[in-house]
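Let me begin by presenting the structure, written as structure tokens, before commenting on it.
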Amino acid sequence: MGIGDKAKDKAEELAGKAKATVGDATDNRDLEAEGRTQEAKADVKQAGENVKDTGDDVADALRSASGATKFDNDRDDTLR
């Protein structure tokens with residue numbers, strides 16, 4: 001996930017928190033629920049991206065430990 005996507009997800013989370021806070025302060029239960037839903041969606045997106053990032057980190061660590069590179073599977077060994 002790029003930095004732009006992470007920033008977008010964080011902005012969505014903060015917007016949801018703001019809506020929920022305003023809804024709570026004004027006793028607007030619909031706005032509060034909408035904010036909490038928006039916040040939860042952003043949290044799920046962030047969690048999914050964290051899992052993906054962790055998977056990438058594990059793959060990189062395994063490659064490093066084995067001496068392989070990310071592009072080893074891309075070359076054609078029949079040309080040697």
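Residues in the structure tokens are numbered from 1 in each chain, the chains being A, B, ... in the order shown, and ligands are numbered from 1 in the order shown.
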Problem - Contact residues around Lys19 (chain A) with only C-alpha atoms at 8 Å, ignoring same-chain residues under 3 positions, as a list in words - result: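 Once the nearby chain positions are removed, what remains is Ala15, Gly16, Val22, Gly23, Leu31, Glu32, Glu34, Gly35 and Arg36 of chain A.
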Only N, CA and C atoms, please: the residues just picked out, written as a compact mmCIF listing (two decimals), in the first residue's frame.
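To be explicit, this is the file written out as again36.txt:
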# COMPACT_ATOMS: atom_id res chain seq x y z
N ALA A 15 -12.24 11.25 9.94
CA ALA A 15 -13.54 11.82 9.59
C ALA A 15 -14.66 11.07 10.30
N GLY A 16 -14.53 9.74 10.37
CA GLY A 16 -15.52 8.94 11.09
C GLY A 16 -15.56 9.27 12.56
N VAL A 22 -19.41 14.42 16.91
CA VAL A 22 -20.46 15.44 16.71
C VAL A 22 -21.83 14.83 16.94
N GLY A 23 -22.04 13.62 16.43
CA GLY A 23 -23.32 12.95 16.63
C GLY A 23 -23.60 12.71 18.10
N LEU A 31 -26.05 10.18 12.97
CA LEU A 31 -24.73 10.69 12.61
C LEU A 31 -23.64 9.96 13.39
N GLU A 32 -23.91 9.70 14.65
CA GLU A 32 -22.95 8.96 15.47
C GLU A 32 -22.70 7.56 14.90
N GLU A 34 -23.23 6.57 11.81
CA GLU A 34 -22.56 6.71 10.53
C GLU A 34 -21.06 6.93 10.73
N GLY A 35 -20.72 7.74 11.69
CA GLY A 35 -19.31 7.99 11.98
C GLY A 35 -18.60 6.75 12.47
N ARG A 36 -19.23 6.01 13.35
CA ARG A 36 -18.61 4.79 13.87
C ARG A 36 -18.44 3.74 12.75
Handout entry: Contacts of region 41-50 of chain A within 8 Å, only C-alpha atoms, excl. fewer than 4 positions in-chain, as a list in words
Key =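 Contacts, with the query itself left out: Met1, Lys6, Asp9, Lys10, Glu12, Glu13, Thr37 and Thr54 of chain A.
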Handout entry: For Glu39 (chain A), the nearest of the candidates A:Asp60, A:Ile3, A:Lys52, A:Leu14, counting only C-alpha atoms
Key = A:Leu14
Practice task
Looking only at alpha helix (DSSP H) from DSSP on the backbone, list the matching residues of chain A as a PyMOL selection string.
Solution key: chain A and resi 3-25+29-66
With C-alpha atoms retained, export the selected residues as a PDB file, in the first residue's frame.
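Output file part18.pdb is given in full below:
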ATOM      1  CA  ILE A   3       1.652   6.309   1.411  1.00  0.00           C
ATOM      2  CA  GLY A   4      -1.240   8.029  -0.358  1.00  0.00           C
ATOM      3  CA  ASP A   5      -3.567   5.103   0.362  1.00  0.00           C
ATOM      4  CA  LYS A   6      -2.484   4.988   3.995  1.00  0.00           C
ATOM      5  CA  ALA A   7      -3.123   8.713   4.340  1.00  0.00           C
ATOM      6  CA  LYS A   8      -6.531   8.336   2.702  1.00  0.00           C
ATOM      7  CA  ASP A   9      -7.506   5.531   5.078  1.00  0.00           C
ATOM      8  CA  LYS A  10      -6.297   7.516   8.097  1.00  0.00           C
ATOM      9  CA  ALA A  11      -8.261  10.569   6.910  1.00  0.00           C
ATOM     10  CA  GLU A  12     -11.369   8.396   6.555  1.00  0.00           C
ATOM     11  CA  GLU A  13     -10.858   7.082  10.091  1.00  0.00           C
ATOM     12  CA  LEU A  14     -10.482  10.598  11.494  1.00  0.00           C
ATOM     13  CA  ALA A  15     -13.541  11.820   9.593  1.00  0.00           C
ATOM     14  CA  GLY A  16     -15.520   8.939  11.088  1.00  0.00           C
ATOM     15  CA  LYS A  17     -14.313   9.821  14.579  1.00  0.00           C
ATOM     16  CA  ALA A  18     -15.324  13.428  14.029  1.00  0.00           C
ATOM     17  CA  LYS A  19     -18.797  12.453  12.827  1.00  0.00           C
ATOM     18  CA  ALA A  20     -19.258  10.123  15.779  1.00  0.00           C
ATOM     19  CA  THR A  21     -18.149  12.818  18.214  1.00  0.00           C
ATOM     20  CA  VAL A  22     -20.457  15.439  16.709  1.00  0.00           C
ATOM     21  CA  GLY A  23     -23.321  12.950  16.632  1.00  0.00           C
ATOM     22  CA  ASP A  24     -22.748  12.098  20.281  1.00  0.00           C
ATOM     23  CA  ALA A  25     -22.492  15.756  21.322  1.00  0.00           C
ATOM     24  CA  ARG A  29     -27.698   8.908  16.895  1.00  0.00           C
ATOM     25  CA  ASP A  30     -27.793   8.473  13.106  1.00  0.00           C
ATOM     26  CA  LEU A  31     -24.733  10.694  12.610  1.00  0.00           C
ATOM     27  CA  GLU A  32     -22.947   8.964  15.473  1.00  0.00           C
ATOM     28  CA  ALA A  33     -23.646   5.540  13.972  1.00  0.00           C
ATOM     29  CA  GLU A  34     -22.563   6.713  10.527  1.00  0.00           C
ATOM     30  CA  GLY A  35     -19.306   7.987  11.983  1.00  0.00           C
ATOM     31  CA  ARG A  36     -18.607   4.785  13.868  1.00  0.00           C
ATOM     32  CA  THR A  37     -19.322   2.760  10.721  1.00  0.00           C
ATOM     33  CA  GLN A  38     -16.976   4.939   8.658  1.00  0.00           C
ATOM     34  CA  GLU A  39     -14.294   4.614  11.329  1.00  0.00           C
ATOM     35  CA  ALA A  40     -14.697   0.823  11.444  1.00  0.00           C
ATOM     36  CA  LYS A  41     -14.415   0.523   7.652  1.00  0.00           C
ATOM     37  CA  ALA A  42     -11.187   2.510   7.696  1.00  0.00           C
ATOM     38  CA  ASP A  43      -9.842   0.348  10.526  1.00  0.00           C
ATOM     39  CA  VAL A  44     -10.570  -2.818   8.540  1.00  0.00           C
ATOM     40  CA  LYS A  45      -8.794  -1.415   5.466  1.00  0.00           C
ATOM     41  CA  GLN A  46      -5.787  -0.491   7.585  1.00  0.00           C
ATOM     42  CA  ALA A  47      -5.700  -3.930   9.224  1.00  0.00           C
ATOM     43  CA  GLY A  48      -5.803  -5.632   5.823  1.00  0.00           C
ATOM     44  CA  GLU A  49      -2.952  -3.514   4.552  1.00  0.00           C
ATOM     45  CA  ASN A  50      -0.946  -4.220   7.713  1.00  0.00           C
ATOM     46  CA  VAL A  51      -1.345  -7.952   7.067  1.00  0.00           C
ATOM     47  CA  LYS A  52      -0.212  -7.462   3.469  1.00  0.00           C
ATOM     48  CA  ASP A  53       2.772  -5.385   4.580  1.00  0.00           C
ATOM     49  CA  THR A  54       3.720  -8.033   7.142  1.00  0.00           C
ATOM     50  CA  GLY A  55       3.516 -10.733   4.473  1.00  0.00           C
ATOM     51  CA  ASP A  56       5.803  -8.690   2.243  1.00  0.00           C
ATOM     52  CA  ASP A  57       8.248  -8.254   5.133  1.00  0.00           C
ATOM     53  CA  VAL A  58       8.285 -12.015   5.790  1.00  0.00           C
ATOM     54  CA  ALA A  59       8.853 -12.746   2.100  1.00  0.00           C
ATOM     55  CA  ASP A  60      11.716 -10.225   1.998  1.00  0.00           C
ATOM     56  CA  ALA A  61      13.275 -11.748   5.129  1.00  0.00           C
ATOM     57  CA  LEU A  62      13.078 -15.249   3.652  1.00  0.00           C
ATOM     58  CA  ARG A  63      14.628 -14.051   0.403  1.00  0.00           C
ATOM     59  CA  SER A  64      17.399 -12.340   2.329  1.00  0.00           C
ATOM     60  CA  ALA A  65      18.082 -15.419   4.424  1.00  0.00           C
ATOM     61  CA  SER A  66      18.237 -17.638   1.348  1.00  0.00           C
TER      62      SER A  66
END
